[in-house]
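Some notes on the structure that comes next.
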Amino acid sequence: MGDLLTAAFVSALLSGGVMAGMPLLLASLGEAISERAGVLNIGLEGMMLAGAYAGFVAVLLTGSHWLGLGAGLAAGMAVSVLMVGLCVRLGLSQIVVGIAILLTAEGVTSVLHRAQFGTTYPRLGSMAVLQLPVLSGIPVVGASLFSQPAPVYAGLGLVVAAWWVLRSTNFGLELRAAGEKPEALDAAGVSVVRTRSLAVLCAGALAGLGGAYMSIIGAGIFVPFMTHGAGFIAIVLAMLARGRAAWVVIGSFAFGMTVSLATALQLVGVFVPIDLVNMLPFVVVLVALVIFARRAYLPSALGLPYQRGSR
Amino acid sequence: MTPDATRTVTRSLTPAVGSALEVRGITKAFPGVVANDAVSIAFHRGEVHCVLGENGAGKSTLLHILAGMQRPDSGSILVGGERVSLDSPHAAIALGIGAVYQHPWSIPALTVLENMMLGEGKGLRLDPKSAAEALARFGSMLGVEFDPGAEIGRLALGRRQQMEIAKALWSGSTVLMLDEPTAMLTPQGAEELARVLVRLARRGLAIVFVTHKLHEALEVGDRITVLRRGRVTGAWGPDEIAAAGRETMRRRIVEAMFGGGVAPEVQIGRSAHPGLRGRRADAHDRPALELDRLCVEPRRGEVGVRDVTLTVWPGEIVGVAGVDGNGQRELAEAVAGQRSVSSGEIRVGGICVTGDDVSGRMRRGLRYVTDDRIGEGTVPSLSVALNLILKRIGEKPYWRHGRADEKLIEENARELVERFDIRTPGVGARCGTLSGGNLQKVVLARELSSGPAVVVYSKPTHGLDARTTMTVRDRITALAEEGAASLLISSDLDEILDLSHRIAVIFGGRLTGIVDNVPGAEREVGDLMVGGSAR
Amino acid sequence: MKGIVRVGGPILLALLAGGVLLVALGRDPFSFYADILSRGLLDPSGVQDTLVRMAPLLLMASGLIIAFRANIWNIGGDGQFLLAAAAVAGLGPWLIGVLPNVLAFLILGLIGATVGAAWTLVPAYLKANFGVNEIVTSLMFTFVGVNLGNLLIKGPFRSTKTLVPHTDVIPFRELLPKIPGTRIHVGLLLALLAILIVHYTMTRTSFGLRLRILGSSPRAAAHIGLHTARLTMISFALSGAFMGLAAAVEILGVWGYMRADWNPGFGLPLFALVFLARLDAVGVIPLVGFYGVISMGGHYAARRADLPDDFMLVIVGMILLFMALAEYFASRGDERPSLAGGLRAALRRGSGRG
């Protein structure tokens, strides 16, 4: 067991953690924004899948990874428009619509993939890695943490940007109000619907981006249902992080590491049944929920559609 | 509230200009009720204009329309003489109309400063500096000092309301509308508010003061308009009010508010039970309800109950007065059995019930009339009949072996509907379709019908129209005369003064004093409500 | 009449939308839907397949209704199902070999129900005592349950007779007896009985009334003095038990064994159906029937049109979407408490507040 902590293992764990954690980071960041404003996106996984597929196809067609990521972002946002229209504007049940979006996205992406590629699974070329000047030289850690494809750093940059927006802008304050007490926001003369719509679109865009990351950079292929619960994990992460950006990052990468544990263990010759390893992330989440959930603070108006002057 | 002196001062400043805000022929209907029926009122700068009417008269609807929260079905709204369309709160704010609603709208989880900044932002970045500056400026105008970093949820309701007034003023208001602003205040707080409003009116604001309390209107209103069932039934300007004198005005207002047929005493807020006041119940060998050093742990945002000791004798009504949020709910729920106590004892008829659950305490004769009629006291999706035996699910004879005897349940329901005069299309109708007054009757019927020994009432007449209020108060009194012991917990001082033999005051979870309900008690109770100690 | 429109409308619209997608993919929608109907409903063999499919679905629906009505969002049905299936498939061959079939079936049914109920214990306990949101916990438990089931099948329950990981196979003649003259196993009768029992319980008994009150107004439940924690755990456990029973019926009636990585995924579409039925146990029967038809017929039609089975997911998803829309238009002053309201409340909970 002592040789578990070899450089190879740690390195594999860390880089795999980043790889698996990035999609989660992006998706849960988006969900955190949305939940802050009071909208729960059960269909987040559907938005990720849409982004994964669109991004994958875009790279195949254009050869550009960045364009693919952009396509994924757009696809996720497009799916979230459904949430905006039905839940934010019409006030329909966020759960039912969320499940509907999820099922439809799963079905459509699977059918489209089969229609376009039959039973072949075309692979994408991998993206060039960006090595940070000094940091990538650090032994063990440097190679895995600080030489990642550029989108990783861009993603982290997004987190910082989001944190700033939430904290120091009018929009950020309005988001919080929309999630806590939409009547107050309305009374203050700000459109609740507009605020929430923007929040949901952000969530869709980021989820789509996360999904695209998964297929383009993470796996290099698209497999139907490839998100495998990532959307739900992102939702849980967002809830646990309680709207604090730092915890979103920590949670995503911690979770990502539990996912990459399998490969890392194989690397050092420890063979744990794959099902056990698959289980681990969810068990970890459960444990975290139990420990932290009692102090978890969800926005008061989460899940409630807002109707002005409703009697 | 303040004496008439301030009113005369304001009167002399009646502006010569036209109205600041005016409604003409406003009509607004909801399913089953016409809330506003061709209402026309003009509000002028420099005046405190009271819109008076009992609960359900349509005052709040009018205010919501003026704030941009609702759109009228027909009619026009004029600001500064020009026709406008108020289709959103944003539009109203842009026109200088500020509103302070009955229930605090500010967000408890945010700080004073954050609430202030909400919606005021121009551009991307937050601007805490100008918000803080505005807070200070309007705070001094109101005679208050704000702590920008305090969480609004932790502030006293009066302070919270003041922050909302400050925000309404910052929005560039020329018109300030307040909906029942004294509901959450102590008598002293209400006086302070009156002084502030007069001061603001003198500075040129048009103040719209919506209330159902006649004495408030008489004391503070330069102009009074009365609404009844959605229509304007009386309107008097400053000259008429001055000329008529207080008694005449009162009679006219009562006439306009109720159209005759209801005893004048109710509207003033004092019921015709002079015999009750100050009367101590006959000596009994055993108290009906004893609270012995009761303590309840507060949850988030609550104050809990701290070391409350109180005795209620059979046939006695003990009122518990206090501003909302001082532990009333915790106290009521602890006595009823819905909440556990952290220390202390509760005894009913001498028997300790602290360990008993709700059903156990019911068996001992304890009943709880909750103030939350829709969310707690009834289940709107179930039938009226089921709601009437809601606390006896599974018991014989209504259920046998787990199966319901529908006929018996309905029979029981019909009898109670008759006895308590509950207006419902049928006992099988969904309880959610009943009006507020009838919901309260359902709750009372259920709780009071089976020989209660001790009843805990929580705000039993709030939100009810005058007629139903009288009925409910009569019932409470009658029940007490039959020997039941009552704990009347309410933030409505009029209700407490009207019904109680003795009055306890709760503040910060503690009882700051218990006084007999004799003339002059109101003053003393008011002192105790803000934390003064009993003499 | 209104009910038919409210249910039929969304279904029709969904089929329409699906038709559009079919055309986009270059398939003929009419022949596709015709295939579904002919195979799922008109063909005698197909009808039997449909009815067989309905057995586990109705049992699971019973479990969902009993939980949802109490405002307990048991989203972990699939996990409870699969874990119970693993247990039944693992222990089945041995028990059937050792005991007379009837006894073995009863015991296996009990095992299934118990495993299913046991898998709800943790989410139920956390919700009842700490207010932890059960949507999230039961969902996490689904993932864990699926993997745990796989571990069992690849491990202690693994058949030594094949290379592909699955449990020992119960011979065809030892499976649940069939209704004479058909291929439909008696599990269907059990399922129908279950759903009727649930209906009766919810509408007529004091227990059902308590659950309904818990579901529509938790504050009133506390006010009345209901034992909320106890009711929550009982309801959750019953729900899980039905899931486990569904698994037992499916294994013992249809498959006889369980393959690793097998997941029919009944849960998610069932939510749609149960909501469409507005949580009414009797009303859900025709809807499950409808789903059975498009499910069995859909496999056939999809193969004929050279489409993956997953296409049916699209249809179901669309049904949900249009159903939500229909509820929006129909919910004015409606009888049944808004489901959406209960779900919203469920989401606000989970932090010990509200």
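Letters A, B, ... go to the chains of the structure tokens in the order shown; residues in each chain start at 1; ligands are counted from 1 in the same order.
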
_Please identify all residues of chain C having at least one atom at most 6 Å from any atom of chain B, considering only C-alpha atoms, and return them as a list in words._
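Result, ordered by chain then number: Arg204, Thr205, Ser206, Arg219, Ala220, Ile224 and Gly225 of chain C.
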
How about saving the chosen residues, N, CA and C atoms kept, as an mmCIF file, in the first residue's frame?
data_model
loop_
_atom_site.group_PDB
_atom_site.id
_atom_site.type_symbol
_atom_site.label_atom_id
_atom_site.label_comp_id
_atom_site.auth_asym_id
_atom_site.auth_seq_id
_atom_site.Cartn_x
_atom_site.Cartn_y
_atom_site.Cartn_z
ATOM 1 N N ARG C 204 -59.647 5.592 1.398
ATOM 2 C CA ARG C 204 -60.648 5.217 2.391
ATOM 3 C C ARG C 204 -60.142 5.022 3.804
ATOM 4 N N THR C 205 -58.850 4.793 3.938
ATOM 5 C CA THR C 205 -58.405 4.448 5.286
ATOM 6 C C THR C 205 -57.824 5.649 6.009
ATOM 7 N N SER C 206 -57.739 5.517 7.321
ATOM 8 C CA SER C 206 -57.168 6.598 8.117
ATOM 9 C C SER C 206 -55.684 6.744 7.809
ATOM 10 N N ARG C 219 -47.487 21.305 7.664
ATOM 11 C CA ARG C 219 -47.709 22.086 8.884
ATOM 12 C C ARG C 219 -48.994 21.643 9.559
ATOM 13 N N ALA C 220 -50.007 21.392 8.730
ATOM 14 C CA ALA C 220 -51.254 20.904 9.313
ATOM 15 C C ALA C 220 -51.013 19.546 9.966
ATOM 16 N N ILE C 224 -52.058 18.743 13.702
ATOM 17 C CA ILE C 224 -53.000 17.703 14.110
ATOM 18 C C ILE C 224 -52.347 16.721 15.069
ATOM 19 N N GLY C 225 -51.056 16.625 15.008
ATOM 20 C CA GLY C 225 -50.389 15.694 15.904
ATOM 21 C C GLY C 225 -50.026 14.384 15.242
#

*asked:* Show me, as a ChimeraX atom specification, the residues of chain B whose atoms get within 10 Å of chain A, using only C-alpha atoms for the distance check.
replied: /B:30,61,64-65,67-71,88-94,98-101,104-110,114-128,167-168,171

_Distance in Å - CA of Thr109 (chain A) versus CA of Ala305 (chain C)_ =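 Separation between CA of Thr109 (chain A) and CA of Ala305 (chain C): 17.2 Å.
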
*asked:* Need to verify the contact set: Arg53 (chain C), 9 Å, only C-alpha atoms, exclusion of same-chain residues closer than 6 positions in sequence. Can you return it as a ChimeraX atom specification?
replied: /C:188,250,289,292-293,295-296

Please write the residues from the selection above to a file, keeping N, CA and C atoms, as an mmCIF file, in the first residue's frame.
data_model
loop_
_atom_site.group_PDB
_atom_site.id
_atom_site.type_symbol
_atom_site.label_atom_id
_atom_site.label_comp_id
_atom_site.auth_asym_id
_atom_site.auth_seq_id
_atom_site.Cartn_x
_atom_site.Cartn_y
_atom_site.Cartn_z
ATOM 1 N N LEU C 188 -48.788 -10.296 -12.904
ATOM 2 C CA LEU C 188 -49.671 -9.215 -13.345
ATOM 3 C C LEU C 188 -50.869 -9.088 -12.424
ATOM 4 N N GLU C 250 -40.558 -9.379 -11.859
ATOM 5 C CA GLU C 250 -39.924 -9.341 -13.181
ATOM 6 C C GLU C 250 -38.900 -10.456 -13.333
ATOM 7 N N GLY C 289 -50.782 1.033 -19.254
ATOM 8 C CA GLY C 289 -51.099 0.214 -20.415
ATOM 9 C C GLY C 289 -50.613 0.874 -21.693
ATOM 10 N N GLY C 292 -47.001 0.593 -21.889
ATOM 11 C CA GLY C 292 -46.634 -0.771 -22.259
ATOM 12 C C GLY C 292 -46.721 -0.967 -23.766
ATOM 13 N N VAL C 293 -47.801 -0.454 -24.341
ATOM 14 C CA VAL C 293 -47.989 -0.604 -25.783
ATOM 15 C C VAL C 293 -46.856 0.070 -26.556
ATOM 16 N N SER C 295 -44.062 0.897 -25.477
ATOM 17 C CA SER C 295 -42.768 0.346 -25.111
ATOM 18 C C SER C 295 -42.472 -0.917 -25.918
ATOM 19 N N MET C 296 -43.402 -1.880 -25.870
ATOM 20 C CA MET C 296 -43.177 -3.131 -26.588
ATOM 21 C C MET C 296 -43.288 -2.925 -28.093
#

Find the spatial neighbours of Leu245 (chain C), counting only C-alpha atoms, within a cut-off of 12 Å - ignore same-chain residues fewer than 2 positions away - and output them as a short mmCIF file (atom, residue, chain, number, x, y, z; two decimals) with C-alpha atoms, in the first residue's frame.
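New file selection-v2.cif:
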data_model
loop_
_atom_site.label_atom_id
_atom_site.label_comp_id
_atom_site.auth_asym_id
_atom_site.auth_seq_id
_atom_site.Cartn_x
_atom_site.Cartn_y
_atom_site.Cartn_z
CA ALA C 55 -46.67 -6.07 -14.17
CA PRO C 56 -43.51 -4.51 -12.77
CA LEU C 57 -44.64 -1.08 -13.94
CA LEU C 58 -47.87 -1.21 -11.99
CA LEU C 59 -46.08 -2.38 -8.88
CA MET C 60 -43.55 0.38 -9.18
CA ALA C 61 -46.32 2.86 -9.84
CA SER C 62 -47.99 1.75 -6.61
CA GLY C 63 -44.77 2.47 -4.82
CA GLY C 77 -36.89 3.53 -7.41
CA GLN C 80 -34.25 -0.22 -5.09
CA PHE C 81 -35.51 -2.25 -8.01
CA LEU C 82 -32.10 -3.38 -9.21
CA LEU C 83 -30.72 -4.24 -5.83
CA ALA C 84 -33.80 -6.28 -5.01
CA ALA C 85 -33.58 -7.93 -8.42
CA ALA C 87 -31.02 -10.45 -4.41
CA VAL C 88 -33.92 -12.34 -5.92
CA PHE C 105 -41.89 -17.55 -4.57
CA LEU C 106 -43.41 -16.16 -1.40
CA ILE C 107 -40.07 -15.99 0.34
CA LEU C 108 -38.39 -14.47 -2.68
CA GLY C 109 -41.16 -11.91 -2.93
CA LEU C 110 -40.57 -11.04 0.67
CA ILE C 111 -36.85 -10.84 0.11
CA GLY C 112 -37.37 -8.49 -2.80
CA ALA C 113 -39.71 -6.30 -0.85
CA THR C 114 -37.41 -6.25 2.16
CA VAL C 115 -34.33 -5.36 0.15
CA GLY C 116 -36.22 -2.60 -1.61
CA ALA C 117 -37.53 -1.24 1.66
CA GLY C 187 -47.34 -11.38 -11.33
CA LEU C 188 -49.67 -9.22 -13.35
CA LEU C 190 -50.47 -9.35 -8.08
CA ALA C 191 -49.69 -6.00 -9.65
CA ALA C 194 -51.42 -4.00 -5.45
CA LEU C 238 -43.60 0.78 1.65
CA SER C 239 -42.59 2.54 -1.52
CA GLY C 240 -39.29 0.70 -1.59
CA ALA C 241 -41.04 -2.56 -0.84
CA PHE C 242 -43.21 -2.16 -3.92
CA MET C 243 -40.13 -1.50 -6.01
CA ALA C 247 -38.18 -6.63 -9.23
CA ALA C 248 -39.10 -10.01 -7.83
CA VAL C 249 -42.03 -10.30 -10.19
CA GLU C 250 -39.92 -9.34 -13.18
CA ILE C 251 -37.12 -11.75 -12.39
CA LEU C 252 -39.33 -14.65 -11.38
CA GLY C 253 -41.87 -14.10 -14.10
#

*For Ser80 (chain A), work out the shell of residues within 8 Å, counting only C-alpha atoms and skipping chain neighbours fewer than 6 positions away, then give it as a list in words.*
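Once the adjacent positions are removed, what remains is Met47, Val200, Leu201, Ala203, Gly204 and Ala205 of chain A.
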
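Residues within 8 Å of Leu237 (chain A), counting only C-alpha atoms and excluding same-chain residues fewer than 4 positions away, are Ser28, Ile233, Ala241, Val248, Gly251 and Ser252 of chain A.
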
Limited to C-alpha atoms, could you put the picked residues into a file as a compact mmCIF listing (two decimals), in the first residue's frame?
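Just written: part_32.txt:
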# COMPACT_ATOMS: atom_id res chain seq x y z
CA SER A 28 -22.18 23.02 -11.09
CA ILE A 233 -23.83 15.33 -9.19
CA ALA A 241 -21.39 24.72 -2.12
CA VAL A 248 -17.70 24.62 -6.24
CA GLY A 251 -16.04 19.90 -4.64
CA SER A 252 -15.74 19.35 -8.38

_One number please: CA of Val518 (chain B) to CA of Leu493 (chain B), in Å, one decimal._
13.8 Å

*Which of C:Pro123, C:Gly256, C:Gly92, C:Pro29 sits closest to chain A [using only C-alpha atoms]*: C:Pro123

_Long-range neighbours of Ile72 (chain C) as a ChimeraX atom specification, 12 Å cut-off, only C-alpha atoms, 3 positions minimum in chain_ = /C:63-69,75-76,120,123-124,127-128,131-138,211-212,214-216,218,228-229,231-240,339,342-347,349-350

Go ahead and write the residues just picked, N, CA and C atoms, as a short mmCIF file (atom, residue, chain, number, x, y, z; two decimals), in the first residue's frame.
data_model
loop_
_atom_site.label_atom_id
_atom_site.label_comp_id
_atom_site.auth_asym_id
_atom_site.auth_seq_id
_atom_site.Cartn_x
_atom_site.Cartn_y
_atom_site.Cartn_z
N GLY C 63 -45.78 1.96 -5.73
CA GLY C 63 -44.77 2.47 -4.82
C GLY C 63 -44.59 3.97 -4.96
N LEU C 64 -44.62 4.45 -6.18
CA LEU C 64 -44.44 5.89 -6.39
C LEU C 64 -45.62 6.65 -5.81
N ILE C 65 -46.82 6.15 -6.06
CA ILE C 65 -48.00 6.88 -5.60
C ILE C 65 -48.04 6.98 -4.09
N ILE C 66 -47.74 5.89 -3.43
CA ILE C 66 -47.84 5.92 -1.98
C ILE C 66 -46.82 6.88 -1.38
N ALA C 67 -45.71 7.06 -2.05
CA ALA C 67 -44.71 8.00 -1.55
C ALA C 67 -45.04 9.43 -1.97
N PHE C 68 -45.34 9.62 -3.24
CA PHE C 68 -45.56 10.96 -3.75
C PHE C 68 -46.74 11.64 -3.09
N ARG C 69 -47.76 10.87 -2.79
CA ARG C 69 -48.92 11.47 -2.15
C ARG C 69 -48.59 12.02 -0.78
N ILE C 75 -37.11 9.18 -5.60
CA ILE C 75 -36.60 9.17 -6.95
C ILE C 75 -35.68 7.96 -7.14
N GLY C 76 -35.43 7.22 -6.08
CA GLY C 76 -34.45 6.13 -6.14
C GLY C 76 -35.04 4.79 -6.50
N THR C 120 -34.35 2.09 1.27
CA THR C 120 -34.91 3.43 1.49
C THR C 120 -34.62 3.93 2.90
N PRO C 123 -32.15 7.26 3.24
CA PRO C 123 -32.79 8.51 2.82
C PRO C 123 -34.00 8.86 3.70
N ALA C 124 -34.77 7.83 4.09
CA ALA C 124 -35.95 8.09 4.90
C ALA C 124 -35.56 8.64 6.26
N LYS C 127 -34.29 12.17 6.04
CA LYS C 127 -35.37 13.14 5.81
C LYS C 127 -36.21 13.32 7.06
N ALA C 128 -36.59 12.20 7.67
CA ALA C 128 -37.51 12.27 8.80
C ALA C 128 -36.90 13.01 9.98
N GLY C 131 -34.35 16.43 8.01
CA GLY C 131 -34.87 17.25 6.91
C GLY C 131 -33.98 17.27 5.69
N VAL C 132 -33.11 16.28 5.54
CA VAL C 132 -32.25 16.23 4.35
C VAL C 132 -33.10 15.88 3.14
N ASN C 133 -32.90 16.64 2.08
CA ASN C 133 -33.72 16.50 0.88
C ASN C 133 -33.63 15.09 0.29
N GLU C 134 -34.79 14.42 0.19
CA GLU C 134 -34.77 13.02 -0.21
C GLU C 134 -34.59 12.83 -1.72
N ILE C 135 -34.85 13.87 -2.49
CA ILE C 135 -34.64 13.73 -3.92
C ILE C 135 -33.18 13.44 -4.18
N VAL C 136 -32.34 14.22 -3.52
CA VAL C 136 -30.92 14.05 -3.74
C VAL C 136 -30.40 12.75 -3.13
N THR C 137 -30.80 12.45 -1.90
CA THR C 137 -30.28 11.23 -1.28
C THR C 137 -30.74 9.99 -2.01
N SER C 138 -32.02 9.93 -2.37
CA SER C 138 -32.49 8.71 -3.03
C SER C 138 -31.84 8.57 -4.40
N LEU C 211 -51.39 10.08 5.32
CA LEU C 211 -50.35 10.30 4.32
C LEU C 211 -50.70 11.49 3.43
N ARG C 212 -51.96 11.58 3.05
CA ARG C 212 -52.38 12.68 2.19
C ARG C 212 -52.20 14.01 2.87
N LEU C 214 -50.08 14.64 5.28
CA LEU C 214 -48.64 14.85 5.34
C LEU C 214 -48.14 15.42 4.03
N GLY C 215 -48.73 14.92 2.94
CA GLY C 215 -48.30 15.36 1.63
C GLY C 215 -48.78 16.74 1.25
N SER C 216 -50.01 17.04 1.57
CA SER C 216 -50.51 18.33 1.09
C SER C 216 -50.25 19.46 2.06
N PRO C 218 -47.77 19.74 5.38
CA PRO C 218 -46.96 19.22 6.50
C PRO C 218 -47.18 20.00 7.79
N THR C 228 -45.02 12.61 12.22
CA THR C 228 -44.47 12.85 10.89
C THR C 228 -43.29 11.95 10.57
N ALA C 229 -42.35 11.85 11.49
CA ALA C 229 -41.15 11.06 11.22
C ALA C 229 -41.53 9.61 10.96
N LEU C 231 -44.44 8.35 10.02
CA LEU C 231 -45.17 8.20 8.77
C LEU C 231 -44.24 8.28 7.57
N THR C 232 -43.27 9.19 7.65
CA THR C 232 -42.32 9.32 6.54
C THR C 232 -41.59 8.03 6.31
N MET C 233 -41.10 7.44 7.40
CA MET C 233 -40.32 6.23 7.21
C MET C 233 -41.17 5.07 6.73
N ILE C 234 -42.37 4.99 7.25
CA ILE C 234 -43.25 3.90 6.82
C ILE C 234 -43.59 4.05 5.34
N SER C 235 -43.95 5.26 4.96
CA SER C 235 -44.32 5.48 3.57
C SER C 235 -43.16 5.20 2.63
N PHE C 236 -41.99 5.68 3.00
CA PHE C 236 -40.80 5.46 2.19
C PHE C 236 -40.51 3.96 2.08
N ALA C 237 -40.61 3.28 3.22
CA ALA C 237 -40.32 1.85 3.22
C ALA C 237 -41.32 1.09 2.36
N LEU C 238 -42.59 1.44 2.48
CA LEU C 238 -43.60 0.78 1.65
C LEU C 238 -43.30 1.00 0.18
N SER C 239 -42.91 2.23 -0.14
CA SER C 239 -42.59 2.54 -1.52
C SER C 239 -41.46 1.64 -2.02
N GLY C 240 -40.42 1.55 -1.22
CA GLY C 240 -39.29 0.70 -1.59
C GLY C 240 -39.69 -0.76 -1.70
N LEU C 339 -49.46 19.17 -7.97
CA LEU C 339 -48.28 18.34 -7.75
C LEU C 339 -47.04 19.21 -7.71
N GLY C 342 -46.27 20.53 -4.40
CA GLY C 342 -45.64 19.60 -3.48
C GLY C 342 -44.17 19.41 -3.79
N LEU C 343 -43.87 19.32 -5.07
CA LEU C 343 -42.48 19.15 -5.47
C LEU C 343 -41.68 20.37 -5.12
N ARG C 344 -42.24 21.52 -5.35
CA ARG C 344 -41.52 22.74 -5.00
C ARG C 344 -41.19 22.74 -3.53
N ALA C 345 -42.20 22.38 -2.74
CA ALA C 345 -41.97 22.37 -1.30
C ALA C 345 -40.89 21.37 -0.95
N ALA C 346 -40.88 20.25 -1.66
CA ALA C 346 -39.87 19.24 -1.38
C ALA C 346 -38.48 19.77 -1.65
N LEU C 347 -38.37 20.62 -2.65
CA LEU C 347 -37.06 21.13 -2.96
C LEU C 347 -36.62 22.19 -1.99
N ARG C 349 -37.25 22.10 1.10
CA ARG C 349 -36.81 21.39 2.29
C ARG C 349 -35.42 20.84 2.07
N GLY C 350 -34.91 20.14 3.05
CA GLY C 350 -33.59 19.57 2.83
C GLY C 350 -32.54 20.45 3.45
#

*Could you give me, as number ranges by chain, each residue of region 424-461 of chain B that DSSP assigns to helix (DSSP H, G or I) when run on this structure's backbone?*
B: 431-433, 436-448
